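Taking it in order: structure first as structure tokens, then the write-up.
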Amino acid sequence: MVLGRFAPSPTGVLHLGNLRTALASWLSIRAAGGRWIIRMEDVDGPRCRRELGVVQLRDLAALGLESDVPVVWQSERSSRYHEALARLREAGRLYPCVCTRRDLQLLASAPHVEDGLRPYPGRCRERAWEGFDRALRFRLPDGRVAWEDLLLRAQADDPGSLTGDPLLFRRDGCFAYHLAVVVDDGAQGVTEVVRGADLRSVTATQIRLQEALGLPRPAYAHLGLVTASDGSRLGKRAGALGVEGLSNCQVTPVEITGWLGWSLGCLERPEPCSPEDLVQSFDWSKVPAGEVRVPETWI
Ligand code: GLU
């Protein structure tokens, strides 16, 4: 049984790029007759807020995208992450890191390596084990990782050169994105991961972590980003409106779905529709790999 997931972080309103990812994941799974789930990735303490997650779920539901099983919130699953750390420790794959708080924050708070983050240079790699009350890093093995992306086709990366040994546990007790995402994809039986192209560069690191934990590798699809109509990155200033904001601009949920479906290669032209209307025509070979611009009349 194929199982796909949409895994937003509840740090703000879902913009059209996030909604496009959710719809593509949903369509791919529905077309294959599988199961689709939503997981809230709220491990990153203060940046994540439950109420924002609730709004995200409401917006997804407004488009007709609902989880087939009760939504999992990562903040409630610490024991699983602790267990995974214990296994990695036994396998000699963890080491304590005493680099400064500022370094750790930069390295841990976001999965997006492109956002000016540098690979960890491995300063603490030879430190002796000091217990679970330290910041902990995963010792990456040498060598490239190859995988077949459903959209981008053959991919290969050296995870070390992109992320360095990733931080899995912060001294303040927070589990890092890489650990939680890999543990939960494994625990929930996820077979297909659809997400934005900004996360392509961390895939090799996550595959290494899956291997160390003996977890199966899901299929990956990294979708081109949605940009503002002038090509700039969607962000607050560029008017990254969510479902509610677009509704206030007279763009209805069926119009949003129609535009997203068109951008995913399911329709010849954007026209109002529901996700169900798009299932039959969804095909990864028709999904454009590049960036998509939001219509000028929208934002
Ligand atoms: N929670 C991550 C984000 O919102 C996505 C994780 C993933 O899809 O692997 O950026």
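Ordering of the structure tokens sets the chain letters (A, B, ...); residue numbers start at 1 within each chain; ligands are numbered from 1 in the order shown.
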What are the closest atom pairs, with distances in Å to one decimal, for all residues of chain A lying within 9 Å of ligand 1? Consider only C-alpha atoms and all ligand atoms, order rows by chain and residue number, and present the result as a tab-separated table.
```
residue	atom	partner	partner_atom_place_in_ligand_line	distance
A:Arg5	CA	ligand 1	8 (O)	8.0
A:Phe6	CA	ligand 1	8 (O)	6.4
A:Ala7	CA	ligand 1	1 (N)	5.0
A:Pro8	CA	ligand 1	4 (O)	3.9
A:Ser9	CA	ligand 1	4 (O)	4.2
A:Pro10	CA	ligand 1	4 (O)	7.6
A:Thr11	CA	ligand 1	4 (O)	8.4
A:Asn18	CA	ligand 1	4 (O)	8.0
A:Thr21	CA	ligand 1	8 (O)	9.0
A:Arg39	CA	ligand 1	1 (N)	8.5
A:Met40	CA	ligand 1	1 (N)	7.4
A:Glu41	CA	ligand 1	1 (N)	5.1
A:Asp42	CA	ligand 1	1 (N)	7.9
A:Ala110	CA	ligand 1	10 (O)	7.7
A:Pro111	CA	ligand 1	10 (O)	6.5
A:His112	CA	ligand 1	10 (O)	7.5
A:Tyr177	CA	ligand 1	1 (N)	7.4
A:His178	CA	ligand 1	9 (O)	8.3
A:Val181	CA	ligand 1	9 (O)	6.1
A:Val182	CA	ligand 1	9 (O)	8.3
A:Asp185	CA	ligand 1	9 (O)	8.8
A:Val193	CA	ligand 1	8 (O)	6.7
A:Val194	CA	ligand 1	8 (O)	6.6
A:Arg195	CA	ligand 1	8 (O)	4.8
A:Gly196	CA	ligand 1	8 (O)	7.3
A:Asp198	CA	ligand 1	10 (O)	8.4
A:Leu199	CA	ligand 1	9 (O)	7.0
A:Val202	CA	ligand 1	9 (O)	8.9
A:Thr203	CA	ligand 1	9 (O)	8.5
```
Could you write out the selected residues, including N, CA, C and O atoms, as a compact mmCIF listing (two decimals), in the first residue's frame?
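out_34.txt, freshly written:
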```txt
# COMPACT_ATOMS: atom_id res chain seq x y z
N ARG A 5 2.57 11.55 2.56
CA ARG A 5 2.31 12.48 3.66
C ARG A 5 2.61 13.90 3.23
O ARG A 5 3.46 14.16 2.36
N PHE A 6 1.88 14.82 3.85
CA PHE A 6 2.22 16.24 3.75
C PHE A 6 2.61 16.64 5.16
O PHE A 6 1.87 16.35 6.10
N ALA A 7 3.77 17.27 5.30
CA ALA A 7 4.32 17.48 6.64
C ALA A 7 4.73 18.94 6.85
O ALA A 7 5.91 19.27 6.88
N PRO A 8 3.75 19.82 7.01
CA PRO A 8 4.10 21.23 7.19
C PRO A 8 4.61 21.52 8.60
O PRO A 8 4.32 20.78 9.53
N SER A 9 5.39 22.59 8.72
CA SER A 9 5.76 23.09 10.04
C SER A 9 4.79 24.22 10.36
O SER A 9 4.63 25.13 9.55
N PRO A 10 4.15 24.18 11.53
CA PRO A 10 3.14 25.21 11.83
C PRO A 10 3.78 26.52 12.29
O PRO A 10 3.66 26.92 13.45
N THR A 11 4.47 27.17 11.36
CA THR A 11 5.14 28.43 11.69
C THR A 11 4.48 29.63 11.00
O THR A 11 4.93 30.75 11.16
N ASN A 18 3.25 25.72 -0.60
CA ASN A 18 2.90 24.62 0.32
C ASN A 18 1.65 23.90 -0.16
O ASN A 18 1.58 22.67 -0.14
N THR A 21 2.35 21.61 -3.02
CA THR A 21 2.99 20.38 -2.55
C THR A 21 1.94 19.43 -1.98
O THR A 21 1.94 18.22 -2.27
N ARG A 39 1.04 15.34 8.70
CA ARG A 39 1.81 15.30 9.94
C ARG A 39 2.28 16.72 10.26
O ARG A 39 2.81 17.40 9.38
N MET A 40 2.08 17.14 11.48
CA MET A 40 2.50 18.48 11.88
C MET A 40 3.90 18.43 12.47
O MET A 40 4.12 17.78 13.49
N GLU A 41 4.83 19.10 11.82
CA GLU A 41 6.23 19.04 12.25
C GLU A 41 6.52 20.23 13.17
O GLU A 41 7.04 21.27 12.76
N ASP A 42 6.15 20.03 14.43
CA ASP A 42 6.25 21.12 15.41
C ASP A 42 7.29 20.82 16.49
O ASP A 42 7.08 21.10 17.66
N ALA A 110 16.47 25.35 10.94
CA ALA A 110 15.74 25.23 9.68
C ALA A 110 16.34 24.11 8.84
O ALA A 110 17.54 23.89 8.85
N PRO A 111 15.47 23.41 8.12
CA PRO A 111 15.97 22.36 7.24
C PRO A 111 16.59 22.91 5.96
O PRO A 111 17.18 22.19 5.20
N HIS A 112 16.45 24.20 5.72
CA HIS A 112 16.82 24.75 4.41
C HIS A 112 18.28 25.18 4.37
O HIS A 112 18.63 26.26 4.78
N TYR A 177 14.95 18.62 13.12
CA TYR A 177 14.11 18.24 11.97
C TYR A 177 14.53 16.92 11.33
O TYR A 177 13.70 16.04 11.09
N HIS A 178 15.83 16.74 11.04
CA HIS A 178 16.27 15.52 10.34
C HIS A 178 15.87 14.26 11.10
O HIS A 178 15.44 13.28 10.51
N VAL A 181 11.87 13.82 11.17
CA VAL A 181 11.28 13.51 9.87
C VAL A 181 11.58 12.07 9.47
O VAL A 181 10.72 11.34 8.98
N VAL A 182 12.80 11.64 9.72
CA VAL A 182 13.19 10.28 9.33
C VAL A 182 12.51 9.25 10.23
O VAL A 182 11.98 8.23 9.75
N ASP A 185 8.68 9.23 9.25
CA ASP A 185 8.41 8.61 7.94
C ASP A 185 8.50 7.09 8.09
O ASP A 185 7.68 6.35 7.56
N VAL A 193 7.46 10.64 -0.42
CA VAL A 193 7.65 11.98 0.15
C VAL A 193 7.62 13.00 -0.97
O VAL A 193 8.46 12.95 -1.87
N VAL A 194 6.63 13.90 -0.93
CA VAL A 194 6.57 14.99 -1.91
C VAL A 194 6.83 16.27 -1.13
O VAL A 194 6.17 16.52 -0.11
N ARG A 195 7.79 17.08 -1.57
CA ARG A 195 8.08 18.31 -0.84
C ARG A 195 8.76 19.29 -1.79
O ARG A 195 9.03 18.97 -2.95
N GLY A 196 9.01 20.51 -1.29
CA GLY A 196 9.55 21.56 -2.15
C GLY A 196 11.01 21.31 -2.51
O GLY A 196 11.75 20.64 -1.78
N ASP A 198 13.39 23.14 -2.27
CA ASP A 198 14.35 23.69 -1.31
C ASP A 198 14.83 22.62 -0.33
O ASP A 198 15.81 22.83 0.38
N LEU A 199 14.17 21.48 -0.29
CA LEU A 199 14.60 20.40 0.62
C LEU A 199 15.34 19.28 -0.13
O LEU A 199 15.76 18.30 0.48
N VAL A 202 18.80 18.18 1.31
CA VAL A 202 18.97 17.45 2.58
C VAL A 202 18.57 15.99 2.46
O VAL A 202 18.67 15.22 3.41
N THR A 203 18.13 15.60 1.27
CA THR A 203 17.64 14.23 1.09
C THR A 203 18.73 13.20 1.34
O THR A 203 18.51 12.19 2.02
```
Worksheet item: Just asking: which residues within segment 53-288 of chain A are alpha helix (DSSP H) according to DSSP, as a ChimeraX atom specification?
Response: /A:53-63,78-90,101-108,159-163,177-187,203-213,243-248,253-263,275-278
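Nearest-residue note for Glu255 of chain A: choosing from A:Ser25, A:Ser274, A:Gln188, A:Ser67, the minimum distance belongs to A:Ser274, counting only C-alpha atoms.
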Near Ala187 of chain A, within 9 Å and counting only C-alpha atoms, which residues show up once chain neighbours fewer than 3 positions away are dropped, as an mmCIF file with N, CA, C and O atoms, in the first residue's frame?
```cif
data_model
loop_
_atom_site.group_PDB
_atom_site.id
_atom_site.type_symbol
_atom_site.label_atom_id
_atom_site.label_comp_id
_atom_site.auth_asym_id
_atom_site.auth_seq_id
_atom_site.Cartn_x
_atom_site.Cartn_y
_atom_site.Cartn_z
ATOM 1 N N ARG A 80 9.687 8.398 20.884
ATOM 2 C CA ARG A 80 10.202 7.737 19.681
ATOM 3 C C ARG A 80 11.558 8.311 19.274
ATOM 4 O O ARG A 80 12.441 7.589 18.818
ATOM 5 N N VAL A 182 12.801 11.641 9.717
ATOM 6 C CA VAL A 182 13.191 10.281 9.325
ATOM 7 C C VAL A 182 12.511 9.246 10.228
ATOM 8 O O VAL A 182 11.980 8.233 9.753
ATOM 9 N N VAL A 183 12.492 9.500 11.516
ATOM 10 C CA VAL A 183 11.853 8.557 12.448
ATOM 11 C C VAL A 183 10.362 8.414 12.116
ATOM 12 O O VAL A 183 9.826 7.307 12.054
ATOM 13 N N ASP A 184 9.694 9.535 11.879
ATOM 14 C CA ASP A 184 8.247 9.460 11.636
ATOM 15 C C ASP A 184 7.904 8.906 10.260
ATOM 16 O O ASP A 184 6.922 8.173 10.124
ATOM 17 N N VAL A 190 5.607 5.639 5.669
ATOM 18 C CA VAL A 190 5.534 6.512 4.481
ATOM 19 C C VAL A 190 6.352 5.908 3.332
ATOM 20 O O VAL A 190 7.512 5.551 3.510
ATOM 21 N N LEU A 215 15.751 1.815 8.454
ATOM 22 C CA LEU A 215 14.409 2.145 7.946
ATOM 23 C C LEU A 215 14.393 2.095 6.419
ATOM 24 O O LEU A 215 15.404 2.416 5.780
#
```
May I have the residues within 10 Å of Ser161 of chain A as a PDB file with all heavy atoms, in the first residue's frame, using only C-alpha atoms and disregarding those fewer than 2 positions away in the same chain?
```pdb
ATOM      1  N   ARG A 118      25.823  26.932   6.645  1.00  0.00           N
ATOM      2  CA  ARG A 118      27.041  26.238   6.214  1.00  0.00           C
ATOM      3  C   ARG A 118      27.024  24.805   6.718  1.00  0.00           C
ATOM      4  O   ARG A 118      26.498  24.529   7.782  1.00  0.00           O
ATOM      5  CB  ARG A 118      28.262  26.940   6.827  1.00  0.00           C
ATOM      6  CG  ARG A 118      28.457  28.342   6.347  1.00  0.00           C
ATOM      7  CD  ARG A 118      29.219  28.355   5.021  1.00  0.00           C
ATOM      8  NE  ARG A 118      29.072  29.631   4.362  1.00  0.00           N
ATOM      9  CZ  ARG A 118      28.031  29.971   3.600  1.00  0.00           C
ATOM     10  NH1 ARG A 118      27.052  29.133   3.417  1.00  0.00           N
ATOM     11  NH2 ARG A 118      27.958  31.148   3.026  1.00  0.00           N
ATOM     12  N   PRO A 119      27.686  23.878   5.985  1.00  0.00           N
ATOM     13  CA  PRO A 119      27.811  22.531   6.537  1.00  0.00           C
ATOM     14  C   PRO A 119      28.617  22.572   7.841  1.00  0.00           C
ATOM     15  O   PRO A 119      29.554  23.361   7.955  1.00  0.00           O
ATOM     16  CB  PRO A 119      28.587  21.765   5.469  1.00  0.00           C
ATOM     17  CG  PRO A 119      28.720  22.650   4.300  1.00  0.00           C
ATOM     18  CD  PRO A 119      28.324  24.038   4.679  1.00  0.00           C
ATOM     19  N   TYR A 120      28.241  21.729   8.784  1.00  0.00           N
ATOM     20  CA  TYR A 120      29.000  21.677  10.037  1.00  0.00           C
ATOM     21  C   TYR A 120      30.407  21.139   9.745  1.00  0.00           C
ATOM     22  O   TYR A 120      30.556  20.082   9.140  1.00  0.00           O
ATOM     23  CB  TYR A 120      28.279  20.767  11.038  1.00  0.00           C
ATOM     24  CG  TYR A 120      29.043  20.643  12.329  1.00  0.00           C
ATOM     25  CD1 TYR A 120      29.194  21.747  13.161  1.00  0.00           C
ATOM     26  CD2 TYR A 120      29.652  19.449  12.685  1.00  0.00           C
ATOM     27  CE1 TYR A 120      29.924  21.660  14.332  1.00  0.00           C
ATOM     28  CE2 TYR A 120      30.382  19.344  13.858  1.00  0.00           C
ATOM     29  CZ  TYR A 120      30.520  20.461  14.673  1.00  0.00           C
ATOM     30  OH  TYR A 120      31.240  20.357  15.819  1.00  0.00           O
ATOM     31  N   PRO A 121      31.441  21.848  10.188  1.00  0.00           N
ATOM     32  CA  PRO A 121      32.802  21.462   9.795  1.00  0.00           C
ATOM     33  C   PRO A 121      33.370  20.263  10.566  1.00  0.00           C
ATOM     34  O   PRO A 121      34.491  19.848  10.303  1.00  0.00           O
ATOM     35  CB  PRO A 121      33.609  22.730  10.083  1.00  0.00           C
ATOM     36  CG  PRO A 121      32.835  23.456  11.129  1.00  0.00           C
ATOM     37  CD  PRO A 121      31.396  23.118  10.928  1.00  0.00           C
ATOM     38  N   ASP A 142      31.255   8.341   4.881  1.00  0.00           N
ATOM     39  CA  ASP A 142      31.748   8.961   3.644  1.00  0.00           C
ATOM     40  C   ASP A 142      30.976   8.407   2.452  1.00  0.00           C
ATOM     41  O   ASP A 142      30.415   7.321   2.520  1.00  0.00           O
ATOM     42  CB  ASP A 142      33.238   8.630   3.433  1.00  0.00           C
ATOM     43  CG  ASP A 142      34.088   9.324   4.489  1.00  0.00           C
ATOM     44  OD1 ASP A 142      33.638  10.366   5.003  1.00  0.00           O
ATOM     45  OD2 ASP A 142      35.173   8.794   4.801  1.00  0.00           O
ATOM     46  N   GLY A 143      31.005   9.151   1.393  1.00  0.00           N
ATOM     47  CA  GLY A 143      30.468   8.609   0.129  1.00  0.00           C
ATOM     48  C   GLY A 143      29.182   9.247  -0.321  1.00  0.00           C
ATOM     49  O   GLY A 143      28.409   9.787   0.473  1.00  0.00           O
ATOM     50  N   ARG A 144      28.994   9.189  -1.621  1.00  0.00           N
ATOM     51  CA  ARG A 144      27.803   9.786  -2.223  1.00  0.00           C
ATOM     52  C   ARG A 144      26.593   8.884  -2.062  1.00  0.00           C
ATOM     53  O   ARG A 144      26.730   7.670  -1.929  1.00  0.00           O
ATOM     54  CB  ARG A 144      28.036  10.003  -3.727  1.00  0.00           C
ATOM     55  CG  ARG A 144      28.980  11.132  -4.026  1.00  0.00           C
ATOM     56  CD  ARG A 144      29.381  11.119  -5.482  1.00  0.00           C
ATOM     57  NE  ARG A 144      28.407  11.769  -6.348  1.00  0.00           N
ATOM     58  CZ  ARG A 144      28.258  13.076  -6.445  1.00  0.00           C
ATOM     59  NH1 ARG A 144      28.986  13.882  -5.713  1.00  0.00           N
ATOM     60  NH2 ARG A 144      27.381  13.593  -7.275  1.00  0.00           N
ATOM     61  N   ASP A 157      24.261  12.939  -4.304  1.00  0.00           N
ATOM     62  CA  ASP A 157      24.866  13.982  -3.472  1.00  0.00           C
ATOM     63  C   ASP A 157      25.828  13.364  -2.478  1.00  0.00           C
ATOM     64  O   ASP A 157      25.645  12.220  -2.067  1.00  0.00           O
ATOM     65  CB  ASP A 157      23.783  14.693  -2.644  1.00  0.00           C
ATOM     66  CG  ASP A 157      23.176  15.860  -3.374  1.00  0.00           C
ATOM     67  OD1 ASP A 157      23.831  16.385  -4.286  1.00  0.00           O
ATOM     68  OD2 ASP A 157      22.042  16.229  -3.044  1.00  0.00           O
ATOM     69  N   ASP A 158      26.790  14.170  -2.090  1.00  0.00           N
ATOM     70  CA  ASP A 158      27.625  13.802  -0.958  1.00  0.00           C
ATOM     71  C   ASP A 158      27.023  14.536   0.245  1.00  0.00           C
ATOM     72  O   ASP A 158      27.176  15.756   0.355  1.00  0.00           O
ATOM     73  CB  ASP A 158      29.059  14.267  -1.227  1.00  0.00           C
ATOM     74  CG  ASP A 158      29.958  14.021  -0.042  1.00  0.00           C
ATOM     75  OD1 ASP A 158      29.441  13.599   1.016  1.00  0.00           O
ATOM     76  OD2 ASP A 158      31.158  14.261  -0.167  1.00  0.00           O
ATOM     77  N   PRO A 159      26.317  13.831   1.122  1.00  0.00           N
ATOM     78  CA  PRO A 159      25.617  14.532   2.202  1.00  0.00           C
ATOM     79  C   PRO A 159      26.563  15.328   3.083  1.00  0.00           C
ATOM     80  O   PRO A 159      26.228  16.405   3.564  1.00  0.00           O
ATOM     81  CB  PRO A 159      24.939  13.415   3.001  1.00  0.00           C
ATOM     82  CG  PRO A 159      25.577  12.141   2.574  1.00  0.00           C
ATOM     83  CD  PRO A 159      26.140  12.376   1.207  1.00  0.00           C
ATOM     84  N   THR A 163      25.543  19.201   4.298  1.00  0.00           N
ATOM     85  CA  THR A 163      25.057  19.542   5.645  1.00  0.00           C
ATOM     86  C   THR A 163      26.146  19.380   6.696  1.00  0.00           C
ATOM     87  O   THR A 163      26.017  19.898   7.797  1.00  0.00           O
ATOM     88  CB  THR A 163      23.899  18.612   6.068  1.00  0.00           C
ATOM     89  OG1 THR A 163      24.375  17.262   6.075  1.00  0.00           O
ATOM     90  CG2 THR A 163      22.714  18.724   5.144  1.00  0.00           C
ATOM     91  N   GLY A 164      27.209  18.648   6.394  1.00  0.00           N
ATOM     92  CA  GLY A 164      28.105  18.236   7.466  1.00  0.00           C
ATOM     93  C   GLY A 164      27.340  17.263   8.353  1.00  0.00           C
ATOM     94  O   GLY A 164      26.186  16.920   8.065  1.00  0.00           O
ATOM     95  N   ASP A 165      27.960  16.818   9.435  1.00  0.00           N
ATOM     96  CA  ASP A 165      27.262  15.921  10.362  1.00  0.00           C
ATOM     97  C   ASP A 165      26.069  16.682  10.947  1.00  0.00           C
ATOM     98  O   ASP A 165      26.255  17.693  11.632  1.00  0.00           O
ATOM     99  CB  ASP A 165      28.198  15.505  11.509  1.00  0.00           C
ATOM    100  CG  ASP A 165      29.291  14.562  11.030  1.00  0.00           C
ATOM    101  OD1 ASP A 165      29.160  14.002   9.919  1.00  0.00           O
ATOM    102  OD2 ASP A 165      30.268  14.384  11.782  1.00  0.00           O
ATOM    103  N   THR A 205      21.303  13.342   3.239  1.00  0.00           N
ATOM    104  CA  THR A 205      21.552  13.245   4.684  1.00  0.00           C
ATOM    105  C   THR A 205      20.475  12.387   5.341  1.00  0.00           C
ATOM    106  O   THR A 205      20.756  11.517   6.177  1.00  0.00           O
ATOM    107  CB  THR A 205      21.541  14.659   5.307  1.00  0.00           C
ATOM    108  OG1 THR A 205      22.592  15.414   4.721  1.00  0.00           O
ATOM    109  CG2 THR A 205      21.710  14.607   6.808  1.00  0.00           C
TER     110      THR A 205
END
```
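With only C-alpha atoms taken into account, the protein and nucleic acid residues at most 8 Å from Asp283 of chain A (excluding it and anything under 6 positions from it in its own chain) are Ser28, Gly265 and Cys266 of chain A.
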Output N, CA and C atoms for every residue in that selection, as a JSON list (two decimals), in the first residue's frame.
```json
[["chain", "number", "residue", "atom", "x", "y", "z"],
["A", 28, "SER", "N", -1.03, 12.22, -6.19],
["A", 28, "SER", "CA", -0.17, 11.07, -6.50],
["A", 28, "SER", "C", -0.67, 9.83, -5.74],
["A", 265, "GLY", "N", 0.15, 20.19, -14.30],
["A", 265, "GLY", "CA", 0.02, 19.49, -15.59],
["A", 265, "GLY", "C", -1.26, 18.67, -15.74],
["A", 266, "CYS", "N", -2.24, 18.90, -14.85],
["A", 266, "CYS", "CA", -3.49, 18.10, -14.92],
["A", 266, "CYS", "C", -4.54, 18.74, -15.82]]
```
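Closest approach to Val279 of chain A from the set A:Cys174, A:Gly33, A:Glu211, A:Pro295 is made by A:Gly33, with distances taken over only C-alpha atoms.
Take the candidates A:Trp298, A:Leu213, A:Arg123, A:Pro218 and check each one against Glu90 of chain A using only C-alpha atoms; the shortest distance goes to A:Leu213.
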Fill in: A:Leu65, A:Cys273, A:Val43, A:Val54 ranked by distance to Gly173 of chain A, top pick (using only C-alpha atoms)
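Among the listed residues, the smallest separation from Gly173 of chain A belongs to A:Val43.
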Worksheet item: If you run DSSP on the backbone, which residues of segment 22-232 of chain A are strand (DSSP E), as a PyMOL selection string?
Response: chain A and resi 35-40+72-73+94-97+135-138+145-149+153-157+167-169+192-196+219-223+226-227
Worksheet entry | Minimum-distance residue to Leu267 of chain A, chosen among A:Ala204, A:Leu179, A:Gln280, A:Phe169 (using only C-alpha atoms) |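 Closest to Leu267 of chain A, using only C-alpha atoms: A:Gln280.
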Worksheet item: To one decimal place, how far is atom CA of Gly122 of chain A from atom CA of Arg200 of chain A in Å?
Response: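 Computing the Euclidean distance for atom CA of Gly122 of chain A and atom CA of Arg200 of chain A yields 22.2 Å.
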Worksheet item: To one decimal place, how far is atom CA of Thr227 of chain A from atom CA of Pro270 of chain A in Å?
Response: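 The value is 17.1 Å.
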Practice prompt. Name the closest residue to Leu94 of chain A among the candidates A:Glu126, A:Glu66, A:Asp59, A:Glu76; distances are taken between atoms, counting only C-alpha atoms.
Written response: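 Smallest distance to Leu94 of chain A is found for A:Glu126.
The coordinates place atom CA of Gly131 of chain A at 11.2 Å from atom CA of Cys97 of chain A.
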Worksheet item: Could you pull the residues within 10 Å of Cys249 of chain A, counting only C-alpha atoms, minus those fewer than 3 positions along the same chain, as a VMD selection string?
Response: chain A and resid 241 243 to 246 252 297 to 299
Can I get the selection written as a tab-separated table (two decimals), in the first residue's frame, with N, CA and C atoms?
```tsv
chain	number	residue	atom	x	y	z
A	241	LEU	N	-0.03	34.94	0.18
A	241	LEU	CA	-1.34	34.77	0.78
A	241	LEU	C	-1.71	33.29	0.87
A	243	VAL	N	-5.08	30.50	1.90
A	243	VAL	CA	-6.44	30.32	1.40
A	243	VAL	C	-7.33	31.48	1.85
A	244	GLU	N	-7.17	31.90	3.11
A	244	GLU	CA	-8.05	32.95	3.60
A	244	GLU	C	-7.73	34.29	2.93
A	245	GLY	N	-6.42	34.57	2.83
A	245	GLY	CA	-6.02	35.83	2.19
A	245	GLY	C	-6.48	35.89	0.75
A	246	LEU	N	-6.39	34.78	0.04
A	246	LEU	CA	-6.84	34.75	-1.35
A	246	LEU	C	-8.35	34.90	-1.44
A	252	THR	N	-11.45	31.94	-4.93
A	252	THR	CA	-12.12	30.91	-4.13
A	252	THR	C	-11.28	29.62	-4.07
A	297	THR	N	-2.81	38.69	-11.33
A	297	THR	CA	-4.03	39.24	-10.77
A	297	THR	C	-4.29	38.77	-9.34
A	298	TRP	N	-3.54	37.78	-8.88
A	298	TRP	CA	-3.76	37.27	-7.52
A	298	TRP	C	-2.95	38.03	-6.48
A	299	ILE	N	-1.62	38.01	-6.64
A	299	ILE	CA	-0.78	38.70	-5.65
A	299	ILE	C	0.41	39.33	-6.34
```
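Residue neighbourhood of Trp284 of chain A, excluding near-sequence residues (fewer than 4 positions): A:Ala24, A:Ser25, A:Leu27, A:Ser28, A:Ile29, A:Ala31, A:Ala32, A:Asp149, A:Leu150, A:Leu151, A:Leu152, A:Arg153, A:Val194, A:Tyr220, A:Ala221, A:His222, A:Leu223, A:Leu264, A:Gly265, A:Cys266, A:Val279, A:Gln280, A:Pro288, A:Ala289, at 12 Å, using only C-alpha atoms.
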